[in-house]
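Peer 1: Supplied in structure tokens, the structure appears directly below.
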Amino acid sequence: MRALIIGGAGFVGSHLCDFLLDKGHNVVCLDNLITGSLDNISHNLKNKRFKFIKHDISKPIKISGRIDMVLNFASPASPIDYSKYPIETLKVGSLGTLNALGIARAKKARFLMASTSEVYGDPKVSPQKESYWGNVNPIGLRSCYDESKRFSEALVMAYLRTHKIDTKIIRIFNTYGPRMRINDGRVVPNFIGQALKKIPFTIYGKGDQTRSFCYIDDLILGIYRVIISRIHGPVNLGNPSEFTMIELAKLVSGLCSVPLKLKYKPLPKDDPKIRRPDLSYAKAALKWYPKVDLKDGLIKTIEYFKYVQK
Ligand code: UDP
């Protein structure tokens with residue numbers, strides 16, 4: 001098959017390029033490199049089954065030849081990135097998703113939309129099931145991302161209902177691993193970067209807010225199961241083990257053999273207090289469940305950050 005991976009030079013997109021190439025597929029990777037990086041795909045540039053095109057999907061997409069699947073991973077995704085690029089984030093989720101669906105329709109390809117647990121906002125129920133409609137501030141600092149992904153989901157459902165395209169929506173919960181940018185502002189790269197520099201861990205608020213962290217390899221396997229499945233979703237993909245930020249800091253300090261020193265900073269506005277996926281649907285429909293525990297995944301991620309910092 002020939003896959004179009006949009007946002008293919010980003011953290012998740014680039015791992016998906018590798019995975020589909022390994023499976024023998026051809027990959028066309030589109031990215032405007034706003035937060036993605038050529039470093040993530042440079043090892044594939046000489047592969048004849050891989051093609052990179054620098055393009056902003058907020059503008060119409062033209063690709064020659066057949067495309068069997070369109071996988072849309074394009075968007076700034078860390079709170080620091082989307083606060084820096086709020087308009088680009090809204091454009092890629094709206095115009096970008098529309099253009100991505102347009103090419104899927106023109107090529108008669110199946111379509112996968114990478115949505116996010118952020119559609120649940122600051123959830124009032126835990127764990128979050130796909131049937132939960134969320135608690136999102138439509139005008140808050142995170143709204144450029146949350147609402148753009150919610151709009152993307154609405155667009156995908158409209159294309160499914162109107163044009164009968166085989167669409168799929170995945171809701172990705174916090175994921176970490178190699179190829180995250182050390183300065184992307186998310187908590188895992190922040191803590192590892194701070195540990196490697198032997199400076200205190202920055203804790204926003206009291207540090208009792210929770211997240212559930214999924215290792216990238218588990219996520220990629222889940223995405224692949226969705227691509228080859230008959231389901232349309234939305235389906236949650238993540239890891240259900242929930243940790244407070246203080247617990248995460250303790251774990252990283254232990255693994256990096258540095259003392260646990262904390263520097264408290266104000267909690268960003270609308271920062272969700274809890275987040276944990278209910279994976280019953282993924283388990284039943286895809287026979288998928290994450291396997292890598294946080295400690296093992298962190299060890300691999302720490303190795304990666306040590307390596308790129310050399
Ligand atoms: N956080 C923190 N210290 C940091 C970075 C983040 O305490 O240096 C907290 C942040 O307030 C949030 C959680 O860690 O509650 C996860 O933040 P992240 O940016 O990784 O992703 P989010 O799940 O909020 O999109």
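Residues are referred to by chain and number: the chain letter is A, B, ... according to the order shown in the structure tokens, the number counts from 1 in that chain, and ligands are numbered separately from 1 in the order shown.
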Could you list, as a ChimeraX atom specification, all the residues within 8 Å of ligand 1, counting only C-alpha atoms and all ligand atoms?
Peer 2: /A:77-80,118,173-174,185-188,190-191,201-205,207,209-211,245-246,265,267-268,271-273,275
Peer 1: Can you tell me which residues surround A:Ile103 at a distance of at most 10 Å, considering only C-alpha atoms, apart from same-chain residues fewer than 2 positions away, and format the answer as a PDB file with C-alpha atoms, in the first residue's frame?
Peer 2:
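Contents of the output file result-v1.pdb:
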ATOM      1  CA  LEU A   4       0.368   9.460   2.991  1.00  0.00           C
ATOM      2  CA  PRO A  60      -4.526  22.396  -0.806  1.00  0.00           C
ATOM      3  CA  ILE A  61      -2.636  19.103  -1.126  1.00  0.00           C
ATOM      4  CA  LYS A  62      -1.578  17.737  -4.527  1.00  0.00           C
ATOM      5  CA  ILE A  63       0.028  14.286  -4.687  1.00  0.00           C
ATOM      6  CA  ILE A  67      -2.677   6.751  -2.221  1.00  0.00           C
ATOM      7  CA  MET A  69      -4.379   5.559   3.183  1.00  0.00           C
ATOM      8  CA  VAL A  70      -4.113   9.089   4.549  1.00  0.00           C
ATOM      9  CA  THR A  97      -8.032  18.371   8.090  1.00  0.00           C
ATOM     10  CA  LEU A  98     -10.443  19.484   5.345  1.00  0.00           C
ATOM     11  CA  ASN A  99      -7.646  19.304   2.746  1.00  0.00           C
ATOM     12  CA  ALA A 100      -6.474  15.944   4.112  1.00  0.00           C
ATOM     13  CA  LEU A 101     -10.013  14.543   3.859  1.00  0.00           C
ATOM     14  CA  ARG A 105     -11.773  11.285  -1.003  1.00  0.00           C
ATOM     15  CA  ALA A 106     -10.117  12.042  -4.346  1.00  0.00           C
ATOM     16  CA  LYS A 107      -7.804   9.017  -4.027  1.00  0.00           C
ATOM     17  CA  LYS A 108     -10.512   6.734  -2.566  1.00  0.00           C
ATOM     18  CA  ALA A 109      -8.207   6.134   0.381  1.00  0.00           C
ATOM     19  CA  PHE A 111      -8.411   8.074   6.444  1.00  0.00           C
TER      20      PHE A 111
END
Peer 1: Counting only C-alpha atoms, figure out which residue out of A:Trp133, A:Tyr307, A:Tyr224, A:Tyr176 gets nearest to A:Lys295.
Peer 2: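 Between A:Trp133, A:Tyr307, A:Tyr224, A:Tyr176, the residue approaching A:Lys295 most closely is A:Tyr176.
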Peer 1: Can you tell me, as a ChimeraX atom specification, which residues in stretch 75-159 of chain A count as strand (DSSP E or B) by DSSP?
Peer 2: /A:110-116,121,128,135
Peer 1: Please produce a file of those selected residues containing N, CA, C and O atoms, as an mmCIF file, in the first residue's frame.
Peer 2:
data_model
loop_
_atom_site.group_PDB
_atom_site.id
_atom_site.type_symbol
_atom_site.label_atom_id
_atom_site.label_comp_id
_atom_site.auth_asym_id
_atom_site.auth_seq_id
_atom_site.Cartn_x
_atom_site.Cartn_y
_atom_site.Cartn_z
ATOM 1 N N ARG A 110 -8.479 5.188 2.592
ATOM 2 C CA ARG A 110 -9.012 5.257 3.954
ATOM 3 C C ARG A 110 -8.297 6.385 4.692
ATOM 4 O O ARG A 110 -7.215 6.825 4.276
ATOM 5 N N PHE A 111 -8.907 6.856 5.783
ATOM 6 C CA PHE A 111 -8.411 8.074 6.444
ATOM 7 C C PHE A 111 -8.348 7.863 7.946
ATOM 8 O O PHE A 111 -9.313 7.383 8.551
ATOM 9 N N LEU A 112 -7.204 8.206 8.529
ATOM 10 C CA LEU A 112 -7.102 8.122 9.996
ATOM 11 C C LEU A 112 -6.760 9.506 10.556
ATOM 12 O O LEU A 112 -5.820 10.160 10.091
ATOM 13 N N MET A 113 -7.546 9.936 11.524
ATOM 14 C CA MET A 113 -7.324 11.237 12.163
ATOM 15 C C MET A 113 -6.731 11.035 13.550
ATOM 16 O O MET A 113 -7.316 10.354 14.398
ATOM 17 N N ALA A 114 -5.560 11.643 13.777
ATOM 18 C CA ALA A 114 -4.971 11.612 15.114
ATOM 19 C C ALA A 114 -5.613 12.716 15.940
ATOM 20 O O ALA A 114 -5.280 13.888 15.801
ATOM 21 N N SER A 115 -6.571 12.340 16.774
ATOM 22 C CA SER A 115 -7.148 13.288 17.718
ATOM 23 C C SER A 115 -6.452 13.069 19.065
ATOM 24 O O SER A 115 -5.398 12.419 19.124
ATOM 25 N N THR A 116 -7.040 13.560 20.111
ATOM 26 C CA THR A 116 -6.305 13.658 21.366
ATOM 27 C C THR A 116 -7.218 13.526 22.579
ATOM 28 O O THR A 116 -8.415 13.854 22.496
ATOM 29 N N GLY A 121 -10.941 17.709 27.657
ATOM 30 C CA GLY A 121 -10.681 18.900 28.473
ATOM 31 C C GLY A 121 -10.226 18.536 29.865
ATOM 32 O O GLY A 121 -9.428 17.618 30.052
ATOM 33 N N GLN A 128 -11.593 8.216 31.335
ATOM 34 C CA GLN A 128 -12.414 8.780 30.270
ATOM 35 C C GLN A 128 -12.731 7.712 29.221
ATOM 36 O O GLN A 128 -11.835 7.085 28.674
ATOM 37 N N ASN A 135 -15.106 18.407 28.871
ATOM 38 C CA ASN A 135 -15.309 19.632 29.648
ATOM 39 C C ASN A 135 -14.236 20.624 29.205
ATOM 40 O O ASN A 135 -13.200 20.748 29.831
#
Peer 1: Could you give me, as a list of chain:residue names, each residue of stretch 109-168 of chain A that DSSP assigns to alpha helix (DSSP H) when run on this structure's backbone?
Peer 2: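 Selecting the alpha helix (DSSP H) positions of stretch 109-168 of chain A gives A:Ser143, A:Cys144, A:Tyr145, A:Asp146, A:Glu147, A:Ser148, A:Lys149, A:Arg150, A:Phe151, A:Ser152, A:Glu153, A:Ala154, A:Leu155, A:Val156, A:Met157, A:Ala158, A:Tyr159, A:Leu160, A:Arg161, A:Thr162, A:His163.
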Peer 1: I'd like the contact shell of stretch 145-149 of chain A - 12 Å cut-off, only C-alpha atoms, skipping same-chain residues fewer than 5 positions apart - returned as a PyMOL selection string.
Peer 2: chain A and resi 72-98+113-122+134-140+154-156+169-172+270-272
Peer 1: Residues near A:Val226, anyone? I mean within 8 Å using only C-alpha atoms, not counting same-chain ones fewer than 3 positions away, as a list in words.
Peer 2: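 Using only C-alpha atoms, the neighbours found are Lys168, Ile170, Gly222, Ile223, Ser229, Arg230, Ile231 and Leu286 of chain A.
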Peer 1: Any chance you can output those residues with C-alpha atoms as a PDB file, in the first residue's frame?
Peer 2:
ATOM      1  CA  LYS A 168     -11.006   6.333  11.715  1.00  0.00           C
ATOM      2  CA  ILE A 170      -7.964   7.828  17.445  1.00  0.00           C
ATOM      3  CA  GLY A 222      -2.305   0.461  18.532  1.00  0.00           C
ATOM      4  CA  ILE A 223      -2.442   2.859  15.571  1.00  0.00           C
ATOM      5  CA  SER A 229      -9.443  -2.669  11.466  1.00  0.00           C
ATOM      6  CA  ARG A 230     -13.001  -2.058  10.320  1.00  0.00           C
ATOM      7  CA  ILE A 231     -13.787   0.363  13.148  1.00  0.00           C
ATOM      8  CA  LEU A 286      -8.574  -4.140  18.436  1.00  0.00           C
TER       9      LEU A 286
END
Peer 1: Smallest atom-to-atom distance to A:Gly24: which of A:Ser152, A:Thr244, A:Asn47, A:Ser212, using only C-alpha atoms?
Peer 2: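 Looking only at the distances to A:Gly24, the closest residue turns out to be A:Asn47.
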Peer 1: Kindly indicate which residue among A:Trp288, A:Tyr215, A:Tyr264, A:Tyr281 lies nearest to A:His232, using only C-alpha atoms for the distances.
Peer 2: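 Residue with the minimum atom-to-atom distance to A:His232: A:Tyr281.
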Peer 1: Would you please work out which residue, of A:Phe213, A:Ser253, A:Leu237, A:Ile274, is nearest to A:Leu294 when using only C-alpha atoms?
Peer 2: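 Ranking A:Phe213, A:Ser253, A:Leu237, A:Ile274 by distance to A:Leu294, first place goes to A:Phe213.
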